$ cat work32.tsv   # TSV, C-alpha atoms
chain	number	residue	atom	x	y	z
F	1	MET	CA	-58.07	114.09	50.25
F	2	VAL	CA	-58.37	110.64	51.83
F	3	PRO	CA	-60.56	108.22	49.83
F	4	SER	CA	-63.74	106.87	51.37
F	5	GLY	CA	-62.99	103.96	53.70
F	6	TRP	CA	-59.25	104.77	53.80
F	7	HIS	CA	-57.29	106.35	56.67
F	8	ALA	CA	-54.05	108.36	56.84
F	9	LYS	CA	-51.84	107.10	59.68
F	10	PRO	CA	-48.26	107.70	60.78
F	11	LEU	CA	-45.95	104.72	60.29
F	12	ALA	CA	-45.68	104.37	64.04
F	13	ASP	CA	-49.37	103.40	64.17
F	14	ILE	CA	-49.25	100.54	61.65
F	15	VAL	CA	-46.37	98.47	63.10
F	16	ARG	CA	-46.49	95.63	65.59
F	17	GLU	CA	-43.15	96.63	67.14
F	18	LYS	CA	-41.51	100.02	67.43
F	19	ILE	CA	-39.55	101.01	64.32
F	20	SER	CA	-35.91	100.53	65.30
F	21	TYR	CA	-32.38	101.18	64.08
F	22	GLY	CA	-29.98	98.56	62.89
F	23	ILE	CA	-27.06	98.50	65.34
F	24	VAL	CA	-24.71	95.74	64.21
F	25	GLN	CA	-21.35	97.07	63.03
F	26	ALA	CA	-20.13	95.60	59.73
F	27	GLY	CA	-17.27	93.08	59.80
F	28	PRO	CA	-15.34	90.96	60.32
F	29	HIS	CA	-16.86	88.64	57.73
F	30	VAL	CA	-17.75	85.14	59.02
F	31	LEU	CA	-18.45	82.51	56.35
F	32	ASP	CA	-20.92	80.39	58.34
F	33	GLY	CA	-22.37	83.20	60.47
F	34	ILE	CA	-25.65	85.13	60.46
F	35	PRO	CA	-26.30	87.43	57.47
F	36	TYR	CA	-26.46	91.15	58.09
F	37	ILE	CA	-28.03	93.75	55.83
F	38	LYS	CA	-26.23	97.00	55.06
F	39	SER	CA	-27.79	100.13	53.61
F	40	SER	CA	-26.15	99.33	50.24
F	41	ASP	CA	-27.88	95.91	50.22
F	42	VAL	CA	-31.32	97.54	50.24
F	43	ARG	CA	-32.21	98.34	46.63
F	44	GLY	CA	-35.69	96.97	45.92
F	45	ALA	CA	-34.77	93.41	46.76
F	46	ILE	CA	-32.40	91.62	49.12
F	47	ASN	CA	-30.24	88.83	47.72
F	48	PRO	CA	-29.30	86.47	50.60
F	49	GLU	CA	-26.37	85.06	48.60
F	50	THR	CA	-24.54	88.40	48.47
F	51	LEU	CA	-24.93	89.35	52.15
F	52	GLN	CA	-21.96	89.39	54.48
F	53	ARG	CA	-22.22	87.49	57.75
F	54	THR	CA	-21.37	88.07	61.37
F	55	SER	CA	-20.88	85.64	64.26
F	56	ARG	CA	-23.77	84.18	66.23
F	57	GLU	CA	-22.37	85.84	69.36
F	58	ILE	CA	-22.64	89.31	67.79
F	59	HIS	CA	-26.05	88.46	66.32
F	60	PHE	CA	-27.30	87.45	69.78
F	61	LYS	CA	-25.75	90.52	71.38
F	62	TYR	CA	-27.60	92.80	68.97
F	63	ARG	CA	-30.73	90.66	68.61
F	64	ARG	CA	-32.90	93.75	69.13
F	65	SER	CA	-32.05	94.77	65.55
F	66	SER	CA	-32.69	91.35	64.01
F	67	VAL	CA	-35.18	91.08	61.15
F	68	HIS	CA	-37.50	88.34	59.98
F	69	PRO	CA	-39.20	87.38	56.68
F	70	GLY	CA	-41.83	89.95	55.75
F	71	ASP	CA	-40.19	92.85	57.59
F	72	ILE	CA	-39.51	95.98	55.56
F	73	VAL	CA	-35.88	97.16	55.68
F	74	PHE	CA	-35.50	100.88	55.08
F	75	SER	CA	-32.30	102.81	54.31
F	76	LEU	CA	-31.95	105.83	56.57
F	77	ARG	CA	-28.80	107.34	55.08
F	78	GLY	CA	-26.86	107.50	51.84
F	79	ASN	CA	-29.41	105.94	49.49
F	80	ILE	CA	-32.27	107.28	51.65
F	81	GLY	CA	-35.63	105.73	50.93
F	82	GLU	CA	-34.34	102.55	49.32
F	83	LEU	CA	-36.26	99.66	50.83
F	84	ALA	CA	-36.90	95.96	50.49
F	85	ILE	CA	-38.93	93.19	52.08
F	86	VAL	CA	-36.93	90.50	53.88
F	87	PRO	CA	-37.44	87.36	51.74
F	88	ASP	CA	-38.71	84.03	53.06
F	89	ASP	CA	-35.36	82.35	52.35
F	90	LEU	CA	-33.68	84.62	54.89
F	91	PRO	CA	-35.04	83.24	58.20
F	92	GLU	CA	-32.32	84.92	60.31
F	93	ALA	CA	-30.64	88.26	59.65
F	94	ASN	CA	-29.54	91.45	61.34
F	95	LEU	CA	-29.23	95.10	60.38
F	96	THR	CA	-26.24	97.41	60.39
F	97	GLN	CA	-26.35	101.07	61.31
F	98	GLY	CA	-28.05	103.27	58.73
F	99	THR	CA	-30.98	100.91	58.28
F	100	ALA	CA	-34.33	100.53	60.03
F	101	ARG	CA	-36.77	97.70	60.54
F	102	ILE	CA	-40.46	98.25	59.87
F	103	ALA	CA	-42.55	95.29	61.04
F	104	VAL	CA	-46.07	95.92	59.74
F	105	SER	CA	-48.99	94.89	61.96
F	106	GLU	CA	-51.01	91.75	61.21
F	107	ASP	CA	-54.03	93.87	60.24
F	108	GLN	CA	-52.00	95.57	57.51
F	109	CYS	CA	-50.41	94.23	54.30
F	110	ASN	CA	-46.62	94.60	54.38
F	111	GLN	CA	-46.32	94.57	50.58
F	112	PHE	CA	-48.95	97.31	50.23
F	113	HIS	CA	-46.99	99.52	52.61
F	114	TYR	CA	-43.75	98.63	50.85
F	115	TYR	CA	-45.28	100.16	47.73
F	116	GLN	CA	-46.61	103.11	49.75
F	117	LEU	CA	-43.12	103.91	51.02
F	118	ALA	CA	-41.66	103.44	47.52
F	119	SER	CA	-44.16	105.86	45.97
F	120	GLU	CA	-42.91	109.16	44.61
F	121	LYS	CA	-45.08	111.23	46.94
F	122	ILE	CA	-43.78	109.64	50.13
F	123	LEU	CA	-40.17	109.48	48.92
F	124	ASN	CA	-40.32	113.23	48.23
F	125	ARG	CA	-41.67	113.75	51.75
F	126	ILE	CA	-38.89	111.61	53.24
F	127	ASN	CA	-36.21	113.53	51.34
F	128	THR	CA	-37.67	116.80	52.63
F	129	LEU	CA	-37.35	115.51	56.21
F	130	SER	CA	-33.76	114.32	55.70
F	131	LYS	CA	-30.96	116.42	57.19
F	132	GLY	CA	-27.19	116.55	57.09
F	133	SER	CA	-24.36	118.37	55.33
F	134	THR	CA	-21.80	115.65	54.53
F	135	PHE	CA	-24.51	113.07	53.80
F	136	LYS	CA	-28.25	113.20	54.37
F	137	GLU	CA	-30.05	111.04	56.91
F	138	ILE	CA	-33.59	110.78	58.19
F	139	SER	CA	-34.05	110.20	61.90
F	140	LEU	CA	-36.26	107.44	63.29
F	141	GLU	CA	-38.35	110.09	64.99
F	142	GLU	CA	-39.15	111.73	61.65
F	143	LEU	CA	-39.63	108.39	59.88
F	144	ARG	CA	-42.16	107.26	62.47
F	145	LYS	CA	-44.22	110.42	61.78
F	146	VAL	CA	-44.42	109.85	58.02
F	147	LYS	CA	-48.07	109.32	57.12
F	148	VAL	CA	-49.20	106.53	54.84
F	149	LEU	CA	-52.64	105.77	53.48
F	150	CYS	CA	-54.31	102.63	54.82
F	151	ALA	CA	-56.96	101.01	52.67
F	152	PRO	CA	-59.14	98.17	54.02
F	153	ILE	CA	-56.94	95.07	54.31
F	154	GLU	CA	-58.52	93.16	51.41
F	155	GLU	CA	-58.09	96.18	49.16
F	156	GLN	CA	-54.46	96.49	50.32
F	157	LYS	CA	-53.82	92.88	49.36
F	158	LYS	CA	-55.47	93.28	45.95
F	159	ILE	CA	-53.43	96.40	45.15
F	160	ALA	CA	-50.23	94.72	46.30
F	161	LYS	CA	-51.00	91.70	44.11
F	162	ILE	CA	-51.57	93.88	41.04
F	163	LEU	CA	-48.33	95.82	41.53
F	164	SER	CA	-46.37	92.64	42.22
F	165	VAL	CA	-47.37	91.37	38.76
F	166	TRP	CA	-45.74	94.46	37.27
F	167	ASP	CA	-42.67	93.89	39.43
F	168	LYS	CA	-42.35	90.35	38.11
F	169	ALA	CA	-42.61	91.60	34.52
F	170	ILE	CA	-39.94	94.23	35.24
F	171	THR	CA	-37.64	91.66	36.89
F	172	THR	CA	-38.06	89.25	33.97
F	173	THR	CA	-37.26	92.01	31.47
F	174	GLU	CA	-34.21	93.07	33.51
F	175	GLN	CA	-32.94	89.49	33.40
F	176	LEU	CA	-33.52	89.25	29.64
F	177	LEU	CA	-31.70	92.55	29.18
F	178	ALA	CA	-28.76	91.37	31.31
F	179	ASN	CA	-28.61	88.13	29.31
F	180	SER	CA	-28.56	90.03	26.01
F	181	GLN	CA	-25.80	92.30	27.27
F	182	GLN	CA	-23.74	89.30	28.38
F	183	GLN	CA	-24.28	87.59	25.04
F	184	LYS	CA	-23.06	90.69	23.22
F	185	LYS	CA	-19.94	90.82	25.41
F	186	ALA	CA	-19.22	87.19	24.56
F	187	LEU	CA	-19.68	87.97	20.85
F	188	MET	CA	-17.30	90.92	21.14
F	189	GLN	CA	-14.66	88.74	22.77
F	190	LYS	CA	-14.86	86.28	19.89
F	191	LEU	CA	-15.36	88.55	16.89
F	192	LEU	CA	-13.14	91.51	17.78
F	193	THR	CA	-10.15	89.29	18.48
F	194	GLY	CA	-10.47	87.09	15.40
F	195	LYS	CA	-11.07	83.95	17.48
F	196	VAL	CA	-14.24	83.42	15.45
F	197	ARG	CA	-14.33	84.45	11.78
F	198	LEU	CA	-17.58	85.22	9.98
F	199	LEU	CA	-18.63	84.32	6.43
F	200	ASP	CA	-18.22	86.71	3.52
F	201	GLU	CA	-20.96	87.50	0.97
F	202	ASN	CA	-20.15	84.27	-0.88
F	203	GLY	CA	-20.56	82.15	2.25
F	204	VAL	CA	-16.82	81.61	2.61
F	205	ARG	CA	-15.17	82.14	5.98
F	206	PHE	CA	-12.87	85.16	6.14
F	207	GLU	CA	-9.18	84.38	6.12
F	208	GLY	CA	-5.92	86.31	6.32
F	209	GLY	CA	-4.14	88.20	9.03
F	210	TRP	CA	-5.26	91.33	10.81
F	211	ASP	CA	-3.30	94.55	11.26
F	212	ARG	CA	-2.83	96.31	14.55
F	213	LEU	CA	-3.43	100.02	14.01
F	214	GLU	CA	-3.55	103.14	16.14
F	215	LEU	CA	-6.93	104.78	16.60
F	216	GLY	CA	-5.49	107.97	15.13
F	217	GLU	CA	-4.81	106.07	11.91
F	218	LEU	CA	-8.46	105.02	11.72
F	219	LEU	CA	-10.32	108.09	12.92
F	220	ASP	CA	-10.32	111.85	12.28
F	221	TYR	CA	-11.52	114.25	14.95
F	222	VAL	CA	-13.54	117.45	14.91
F	223	GLN	CA	-13.73	120.02	17.70
F	224	PRO	CA	-17.31	120.55	18.95
F	225	THR	CA	-17.12	124.36	19.13
F	226	PRO	CA	-19.43	125.06	16.15
F	227	TYR	CA	-22.00	122.62	17.52
F	228	LEU	CA	-22.24	123.77	21.15
F	229	VAL	CA	-25.71	124.52	22.47
F	230	LYS	CA	-26.32	128.11	23.57
F	231	SER	CA	-29.38	127.68	25.77
F	232	THR	CA	-29.95	124.88	28.28
F	233	GLU	CA	-33.71	125.44	28.42
F	234	TYR	CA	-34.47	121.99	27.08
F	235	SER	CA	-37.88	120.53	26.31
F	236	ASP	CA	-39.08	117.14	25.12
F	237	GLU	CA	-41.17	119.04	22.58
F	238	TYR	CA	-38.04	120.18	20.75
F	239	GLU	CA	-36.36	118.09	18.06
F	240	THR	CA	-32.57	118.22	18.35
F	241	PRO	CA	-30.89	116.17	21.12
F	242	VAL	CA	-28.04	117.68	23.13
F	243	LEU	CA	-25.48	115.00	23.87
F	244	THR	CA	-22.80	114.18	26.38
F	245	ALA	CA	-20.41	111.23	26.09
F	246	GLY	CA	-21.09	110.32	29.72
F	247	LYS	CA	-23.74	108.04	31.19
F	248	THR	CA	-26.60	110.52	30.73
F	249	PHE	CA	-25.99	110.66	26.93
F	250	ILE	CA	-29.05	112.77	26.01
F	251	LEU	CA	-29.15	115.82	28.29
F	252	GLY	CA	-32.31	117.17	26.69
F	253	TYR	CA	-33.71	118.56	23.46
F	254	THR	CA	-33.17	122.03	22.01
F	255	ASN	CA	-35.03	124.12	19.45
F	256	GLU	CA	-31.82	125.74	18.18
F	257	GLU	CA	-31.66	125.34	14.41
F	258	PHE	CA	-28.03	126.39	13.93
F	259	GLY	CA	-24.82	124.44	14.58
F	260	ILE	CA	-26.36	120.97	14.35
F	261	TYR	CA	-23.81	118.24	13.66
F	262	LYS	CA	-24.94	116.08	10.74
F	263	GLU	CA	-22.02	116.13	8.31
F	264	SER	CA	-20.41	112.70	8.79
F	265	LEU	CA	-22.74	110.30	10.49
F	266	PRO	CA	-22.48	107.90	12.16
F	267	ALA	CA	-19.78	109.26	14.47
F	268	ILE	CA	-18.30	108.69	17.91
F	269	ILE	CA	-18.49	111.37	20.59
F	270	PHE	CA	-15.53	111.20	22.97
F	271	ASP	CA	-15.06	112.96	26.32
F	272	ASP	CA	-11.48	114.21	26.28
F	273	PHE	CA	-11.18	114.13	30.07
F	274	THR	CA	-12.94	110.87	31.04
F	275	THR	CA	-12.55	108.96	27.71
F	276	ASP	CA	-16.26	108.06	27.89
F	277	ASN	CA	-17.61	107.58	24.39
F	278	LYS	CA	-20.88	106.95	22.56
F	279	PHE	CA	-21.86	105.83	19.06
F	280	VAL	CA	-24.19	108.36	17.39
F	281	ASP	CA	-26.09	107.90	14.15
F	282	PHE	CA	-28.42	110.92	14.29
F	283	PRO	CA	-27.99	114.74	14.11
F	284	PHE	CA	-27.13	116.39	17.44
F	285	LYS	CA	-25.72	119.33	19.31
F	286	ALA	CA	-23.00	119.15	21.99
F	287	LYS	CA	-22.88	120.51	25.53
F	288	SER	CA	-19.19	120.34	26.41
F	289	SER	CA	-16.17	121.83	24.66
F	290	ALA	CA	-14.19	118.86	26.03
F	291	MET	CA	-15.94	116.54	23.58
F	292	LYS	CA	-14.22	115.29	20.44
F	293	ILE	CA	-16.33	114.19	17.47
F	294	LEU	CA	-14.61	111.20	15.85
F	295	THR	CA	-15.28	110.11	12.27
F	296	ALA	CA	-13.96	107.21	10.20
F	297	LYS	CA	-11.28	107.53	7.56
F	298	ASN	CA	-11.83	105.91	4.16
F	299	GLY	CA	-12.02	102.13	4.26
F	300	VAL	CA	-12.86	102.05	7.99
F	301	SER	CA	-16.10	100.95	9.65
F	302	ILE	CA	-16.85	103.46	12.41
F	303	LYS	CA	-19.08	100.93	14.18
F	304	TYR	CA	-16.30	98.33	14.20
F	305	VAL	CA	-13.82	100.83	15.67
F	306	PHE	CA	-16.33	101.94	18.31
F	307	GLU	CA	-16.92	98.34	19.44
F	308	ALA	CA	-13.17	97.67	19.51
F	309	MET	CA	-12.70	100.79	21.69
F	310	GLN	CA	-15.00	99.22	24.28
F	311	MET	CA	-12.47	96.40	24.64
F	312	LEU	CA	-9.58	98.70	25.52
F	313	ASP	CA	-8.27	98.58	29.07
F	314	PHE	CA	-7.24	102.18	29.63
F	315	ALA	CA	-6.50	103.80	32.99
F	316	ILE	CA	-7.33	107.51	33.04
F	317	GLY	CA	-4.34	109.52	34.20
F	318	GLY	CA	-4.99	112.91	35.78
F	319	HIS	CA	-7.19	115.80	34.64
F	320	GLN	CA	-5.88	116.15	31.10
F	321	ARG	CA	-7.14	115.93	27.56
F	322	HIS	CA	-6.53	112.40	26.38
F	323	TRP	CA	-7.35	112.04	22.68
F	324	ILE	CA	-4.39	113.69	20.95
F	325	SER	CA	-1.71	112.95	23.54
F	326	ILE	CA	-2.59	109.37	24.52
F	327	TYR	CA	-5.81	107.74	23.38
F	328	SER	CA	-5.33	108.18	19.64
F	329	ASN	CA	-2.06	106.24	19.98
F	330	LEU	CA	-3.75	103.13	21.38
F	331	THR	CA	-3.96	100.20	19.00
F	332	ILE	CA	-6.75	97.79	18.09
F	333	PRO	CA	-6.80	94.68	15.84
F	334	VAL	CA	-8.23	95.55	12.42
F	335	PRO	CA	-9.30	93.15	9.61
F	336	LYS	CA	-10.07	94.18	6.04
F	337	GLU	CA	-13.00	96.53	5.48
F	338	GLU	CA	-15.49	93.84	4.42
F	339	GLU	CA	-14.85	91.79	7.55
F	340	GLN	CA	-15.02	94.93	9.70
F	341	GLN	CA	-18.48	95.65	8.30
F	342	LYS	CA	-19.69	92.07	8.81
F	343	ILE	CA	-18.59	92.16	12.44
F	344	ALA	CA	-20.21	95.56	12.89
F	345	ASP	CA	-23.49	94.26	11.41
F	346	VAL	CA	-23.59	91.26	13.78
F	347	LEU	CA	-22.93	93.48	16.80
F	348	SER	CA	-25.56	95.97	15.59
F	349	MET	CA	-28.13	93.16	15.55
F	350	ALA	CA	-27.18	92.38	19.15
F	351	ASP	CA	-27.63	96.08	19.95
F	352	GLN	CA	-31.14	96.04	18.48
F	353	GLU	CA	-32.14	93.25	20.86
F	354	ILE	CA	-30.64	95.15	23.79
F	355	TYR	CA	-32.42	98.37	22.78
F	356	ALA	CA	-35.72	96.48	22.48
F	357	PHE	CA	-35.41	95.17	26.05
F	358	GLN	CA	-34.29	98.59	27.32
F	359	ASN	CA	-37.34	100.23	25.74
F	360	LYS	CA	-39.66	97.54	27.09
F	361	LEU	CA	-38.17	97.94	30.57
F	362	LYS	CA	-38.56	101.72	30.45
F	363	LEU	CA	-42.19	101.36	29.34
F	364	LEU	CA	-42.99	98.86	32.11
F	365	GLN	CA	-41.40	101.12	34.73
F	366	GLN	CA	-43.37	104.13	33.49
F	367	GLU	CA	-46.63	102.18	33.45
F	368	LYS	CA	-46.01	100.81	36.95
F	369	LYS	CA	-45.26	104.32	38.25
F	370	ALA	CA	-48.50	105.64	36.77
F	371	LEU	CA	-50.43	102.70	38.23
F	372	MET	CA	-48.90	103.28	41.67
F	373	GLN	CA	-50.02	106.92	41.57
F	374	GLN	CA	-53.58	105.79	40.85
F	375	LEU	CA	-53.91	102.73	43.10
F	376	LEU	CA	-51.97	103.87	46.18
F	377	THR	CA	-53.90	107.12	46.48
F	378	GLY	CA	-57.33	105.59	45.93
F	379	LYS	CA	-57.92	107.62	42.78
F	380	ARG	CA	-58.51	104.28	41.09
F	381	ARG	CA	-60.28	101.69	43.19
F	382	VAL	CA	-60.03	97.94	42.77
F	383	LEU	CA	-62.87	95.44	42.95
F	384	ILE	CA	-62.82	93.04	45.88
F	385	ASN	CA	-64.31	89.60	45.14

$ encode --input "work32.tsv" --output "structure tokens"
Amino acid sequence: MVPSGWHAKPLADIVREKISYGIVQAGPHVLDGIPYIKSSDVRGAINPETLQRTSREIHFKYRRSSVHPGDIVFSLRGNIGELAIVPDDLPEANLTQGTARIAVSEDQCNQFHYYQLASEKILNRINTLSKGSTFKEISLEELRKVKVLCAPIEEQKKIAKILSVWDKAITTTEQLLANSQQQKKALMQKLLTGKVRLLDENGVRFEGGWDRLELGELLDYVQPTPYLVKSTEYSDEYETPVLTAGKTFILGYTNEEFGIYKESLPAIIFDDFTTDNKFVDFPFKAKSSAMKILTAKNGVSIKYVFEAMQMLDFAIGGHQRHWISIYSNLTIPVPKEEEQQKIADVLSMADQEIYAFQNKLKLLQQEKKALMQQLLTGKRRVLIN
């Protein structure tokens, strides 16, 4: 249902020029040429400093696909639905194939329609209209038909201003998170190599040499078979997390009360095929039989070993199980137990700061999503001064 005073219109009806393809072909790169925007450059924001450039001759030849500040650039293939507004510090630019230019009319707010196109409802619609077997793509014809809601212009501007405040908060938090992650990496480089030594409990700097030991000398392993989840009908209402050592980490939550790993925590879960690994300090169940559960031997800080494993430069070789045959034979520098624990504690404090920013970022993104669902559909109206 369209809110009072709002109208549903196809994209083709709210642009000042016909929505068009990008047609410039990427390369060769020209240092002092005109920037061109590829589909992979369109992920919420366009960074002029990272764009490749083409010659002025090619730019002039394909000037029909040039874009200007304020235009919306939309990815038609690959990362379909990713979009960005051309920034003011990009006065000249062109588009490659796989992208489209949406130049919103003067009686519409480009930022409002940027948020409209980024909303979950319209992105789902766009994905439904996308076709292709090797990779999906939405045609210009279908894109032009996509309907967006048009509020009165002053209401559009007010909504866009509200959502932009959330975007700024999200961007600031992302930057703080990136800074914290970089600071931790710098700490790891110093502490895990012995370049910087910490103070012991008496305030005296640690001294003495370090050993170089194989991971198999520091860690025991357990097969995950007794801890494998039986049912994959997960629910956030259940208590026990089901883990993978890959990027996803928590696949979901199960209500199974048997076979929960909690014997020797904290532990490291290790994917025997990819060598991905995660530090775990809570009870869990496993999804894959290819996972090894690694625990520390006596006199070893499991957190220290985990952090040192992140410093290893290891090239995965073929589809084989790595822990027993290869990975457990890799060596890391190891100080005495007290120094291990001090290093682990410092890095854990850095982790706490990172987790805090990650949680804040997640919360901001959730709140913005909920706000978009309310404001962009007119379910929640804003006051116009």

$ residues_around --input "work32.tsv" --residues "F:Val242" --least-positions-apart "5" --cutoff "6 Å" --atoms "only C-alpha atoms" --output "list of chain:residue names"
F:Ile250, F:Leu251, F:Gly252, F:Tyr253, F:Phe284, F:Lys285, F:Ala286

$ write_last_selection --input "work32.tsv" --atoms "C-alpha atoms" --output "JSON list (two decimals), in the coordinates of the input"
[["chain", "number", "residue", "atom", "x", "y", "z"],
["F", 250, "ILE", "CA", -29.05, 112.77, 26.01],
["F", 251, "LEU", "CA", -29.15, 115.82, 28.29],
["F", 252, "GLY", "CA", -32.31, 117.17, 26.69],
["F", 253, "TYR", "CA", -33.71, 118.56, 23.46],
["F", 284, "PHE", "CA", -27.13, 116.39, 17.44],
["F", 285, "LYS", "CA", -25.72, 119.33, 19.31],
["F", 286, "ALA", "CA", -23.00, 119.15, 21.99]]

$ atom_distance --input "work32.tsv" --atom1 "atom CA of F:Thr275" --atom2 "atom CA of F:Glu239"
27.3 Å

$ residues_near_point --input "work32.tsv" --point "(-6.6, 115.3, 26.3)" --cutoff "9 Å" --atoms "all atoms listed in the file" --output "number ranges by chain"
F: 271-273, 275, 290, 319-327

$ residues_around --input "work32.tsv" --residues "F:Lys185" --least-positions-apart "4" --cutoff "10 Å" --atoms "all atoms listed in the file" --output "PDB file with C-alpha atoms, in the coordinates of the input"
ATOM      1  CA  ASN F 179     -28.610  88.130  29.310  1.00  0.00           C
ATOM      2  CA  SER F 180     -28.560  90.030  26.010  1.00  0.00           C
ATOM      3  CA  GLN F 181     -25.800  92.300  27.270  1.00  0.00           C
ATOM      4  CA  GLN F 189     -14.660  88.740  22.770  1.00  0.00           C
ATOM      5  CA  LYS F 190     -14.860  86.280  19.890  1.00  0.00           C
ATOM      6  CA  LEU F 191     -15.360  88.550  16.890  1.00  0.00           C
ATOM      7  CA  GLN F 310     -15.000  99.220  24.280  1.00  0.00           C
ATOM      8  CA  MET F 311     -12.470  96.400  24.640  1.00  0.00           C
ATOM      9  CA  LEU F 347     -22.930  93.480  16.800  1.00  0.00           C
ATOM     10  CA  ALA F 350     -27.180  92.380  19.150  1.00  0.00           C
TER      11      ALA F 350
END

$ residues_around --input "work32.tsv" --residues "stretch 29-40 of chain F" --least-positions-apart "4" --cutoff "12 Å" --atoms "all atoms listed in the file" --output "PyMOL selection string"
chain F and resi 21-25+44-60+62-63+65-68+72-86+89-101+137

$ residues_around --input "work32.tsv" --residues "stretch 145-156 of chain F" --least-positions-apart "6" --cutoff "12 Å" --atoms "all atoms listed in the file" --output "ChimeraX atom specification"
/F:1-15,19,104-119,121-130,138-139,162-163,375-385

$ atom_distance --input "work32.tsv" --atom1 "atom CA of F:Ile343" --atom2 "atom CA of F:Leu265"
18.7 Å

$ residues_around --input "work32.tsv" --residues "F:Phe270" --least-positions-apart "3" --cutoff "9 Å" --atoms "all atoms listed in the file" --output "PyMOL selection string"
chain F and resi 244-246+273-278+290-294+323

$ atom_distance --input "work32.tsv" --atom1 "atom CA of F:Ile102" --atom2 "atom CA of F:Leu143"
10.2 Å

$ residues_near_point --input "work32.tsv" --point "(-41.6, 95.7, 36.3)" --cutoff "7 Å" --atoms "all atoms listed in the file" --output "list of chain:residue names"
F:Trp166, F:Asp167, F:Lys168, F:Ala169, F:Ile170, F:Thr171, F:Leu364, F:Gln365, F:Lys368

$ write_last_selection --input "work32.tsv" --atoms "C-alpha atoms" --output "compact mmCIF listing (two decimals), in the coordinates of the input"
# COMPACT_ATOMS: atom_id res chain seq x y z
CA TRP F 166 -45.74 94.46 37.27
CA ASP F 167 -42.67 93.89 39.43
CA LYS F 168 -42.35 90.35 38.11
CA ALA F 169 -42.61 91.60 34.52
CA ILE F 170 -39.94 94.23 35.24
CA THR F 171 -37.64 91.66 36.89
CA LEU F 364 -42.99 98.86 32.11
CA GLN F 365 -41.40 101.12 34.73
CA LYS F 368 -46.01 100.81 36.95

$ closest_residue --input "work32.tsv" --among "F:Thr173, F:Ser328, F:Thr134, F:Tyr304" --to "F:Leu363" --atoms "all atoms listed in the file"
F:Thr173

$ closest_residue --input "work32.tsv" --among "F:Glu256, F:Ile269, F:Thr248, F:Pro87" --to "F:Ser235" --atoms "all atoms listed in the file"
F:Glu256

$ closest_residue --input "work32.tsv" --among "F:Lys336, F:Arg197, F:Lys303, F:Arg144" --to "F:Trp210" --atoms "all atoms listed in the file"
F:Lys336
